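Below is one structure, written out as structure tokens, with a few remarks after it.
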Amino acid sequence: MSVEEKLKEIIACLSEGLVDAGKFDRGNASAGVRTRKNAQCCVVKLKELRKLVSDVKRERAKGK
């Protein structure tokens with residue numbers, strides 16, 4: 001998976017969380033749980049993206 005594709009996946013994940021975040025703001029406690037779960041999922045995906053970028057940079061440096 002490319003870096004751009006991974007970032008698009010993260011953006012989609014965040015966009016999906018907007019619905020539940022709005023529900024939570026209006027007082028729905030269950031939506032808060034889903035929002036936190038979604039946020040944690042995004043954190044994991046961001047860490048994977050960070051590792052992917054580092055790995056690609058390392059590989060490119062070896063090729064020089």
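By order of appearance in the structure tokens: chains A, B, ..., then residues from 1 within every chain, and ligands from 1 in the order shown.
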
Fill in: Residue contacts of stretch 41-46 of chain A (10 Å, only C-alpha atoms) excluding same-chain residues fewer than 4 positions away, as a ChimeraX atom specification
/A:6-7,9-14,17,35-37,50-52

What does the file look like for those residues with N, CA and C atoms, as a PDB file, in the first residue's frame?
ATOM      1  N   LYS A   6      -2.605   4.966   2.114  1.00  0.00           N
ATOM      2  CA  LYS A   6      -2.729   4.805   3.567  1.00  0.00           C
ATOM      3  C   LYS A   6      -3.312   6.072   4.195  1.00  0.00           C
ATOM      4  N   LEU A   7      -2.849   7.229   3.741  1.00  0.00           N
ATOM      5  CA  LEU A   7      -3.357   8.491   4.278  1.00  0.00           C
ATOM      6  C   LEU A   7      -4.824   8.689   3.905  1.00  0.00           C
ATOM      7  N   GLU A   9      -6.965   6.338   3.521  1.00  0.00           N
ATOM      8  CA  GLU A   9      -7.677   5.414   4.407  1.00  0.00           C
ATOM      9  C   GLU A   9      -7.904   6.062   5.783  1.00  0.00           C
ATOM     10  N   ILE A  10      -6.892   6.741   6.285  1.00  0.00           N
ATOM     11  CA  ILE A  10      -6.997   7.410   7.584  1.00  0.00           C
ATOM     12  C   ILE A  10      -8.018   8.548   7.517  1.00  0.00           C
ATOM     13  N   ILE A  11      -7.986   9.305   6.437  1.00  0.00           N
ATOM     14  CA  ILE A  11      -8.937  10.403   6.271  1.00  0.00           C
ATOM     15  C   ILE A  11     -10.368   9.863   6.218  1.00  0.00           C
ATOM     16  N   ALA A  12     -10.565   8.752   5.519  1.00  0.00           N
ATOM     17  CA  ALA A  12     -11.888   8.129   5.452  1.00  0.00           C
ATOM     18  C   ALA A  12     -12.341   7.674   6.836  1.00  0.00           C
ATOM     19  N   CYS A  13     -11.421   7.114   7.592  1.00  0.00           N
ATOM     20  CA  CYS A  13     -11.723   6.667   8.954  1.00  0.00           C
ATOM     21  C   CYS A  13     -12.153   7.844   9.825  1.00  0.00           C
ATOM     22  N   LEU A  14     -11.439   8.952   9.714  1.00  0.00           N
ATOM     23  CA  LEU A  14     -11.785  10.153  10.476  1.00  0.00           C
ATOM     24  C   LEU A  14     -13.138  10.708  10.043  1.00  0.00           C
ATOM     25  N   GLY A  17     -15.985   8.952  11.556  1.00  0.00           N
ATOM     26  CA  GLY A  17     -16.148   9.293  12.966  1.00  0.00           C
ATOM     27  C   GLY A  17     -16.910  10.584  13.199  1.00  0.00           C
ATOM     28  N   THR A  35     -16.905   6.927  19.130  1.00  0.00           N
ATOM     29  CA  THR A  35     -15.961   7.971  18.734  1.00  0.00           C
ATOM     30  C   THR A  35     -14.577   7.667  19.293  1.00  0.00           C
ATOM     31  N   ARG A  36     -14.512   7.258  20.542  1.00  0.00           N
ATOM     32  CA  ARG A  36     -13.221   6.913  21.145  1.00  0.00           C
ATOM     33  C   ARG A  36     -12.603   5.707  20.447  1.00  0.00           C
ATOM     34  N   LYS A  37     -13.438   4.710  20.124  1.00  0.00           N
ATOM     35  CA  LYS A  37     -12.947   3.515  19.422  1.00  0.00           C
ATOM     36  C   LYS A  37     -12.407   3.904  18.051  1.00  0.00           C
ATOM     37  N   ARG A  50       3.308   6.234   9.773  1.00  0.00           N
ATOM     38  CA  ARG A  50       4.607   6.771  10.180  1.00  0.00           C
ATOM     39  C   ARG A  50       5.718   5.740   9.956  1.00  0.00           C
ATOM     40  N   LYS A  51       5.440   4.490  10.310  1.00  0.00           N
ATOM     41  CA  LYS A  51       6.421   3.417  10.116  1.00  0.00           C
ATOM     42  C   LYS A  51       6.664   3.180   8.628  1.00  0.00           C
ATOM     43  N   LEU A  52       5.598   3.194   7.842  1.00  0.00           N
ATOM     44  CA  LEU A  52       5.723   2.995   6.403  1.00  0.00           C
ATOM     45  C   LEU A  52       6.610   4.065   5.778  1.00  0.00           C
TER      46      LEU A  52
END

Worksheet item: When you draw a straight line from atom CA of A:Glu16 to atom CA of A:Met1, how long is it in Å?
Response: 20.8 Å

Item to complete: Could you please determine the separation between atom CA of A:Lys57 and atom CA of A:Ser15 in Å, to one decimal place?
Response: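 The value is 28.4 Å.
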
Item to complete: Measuring atom to atom with only C-alpha atoms, identify which of A:Leu49, A:Glu59, A:Gly27, A:Ala21 is nearest to A:Ser2.
Response: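 Using only C-alpha atoms, the shortest distance to A:Ser2 belongs to A:Leu49.
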
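You will find atom CA of A:Lys62 at 27.5 Å from atom CA of A:Lys8.
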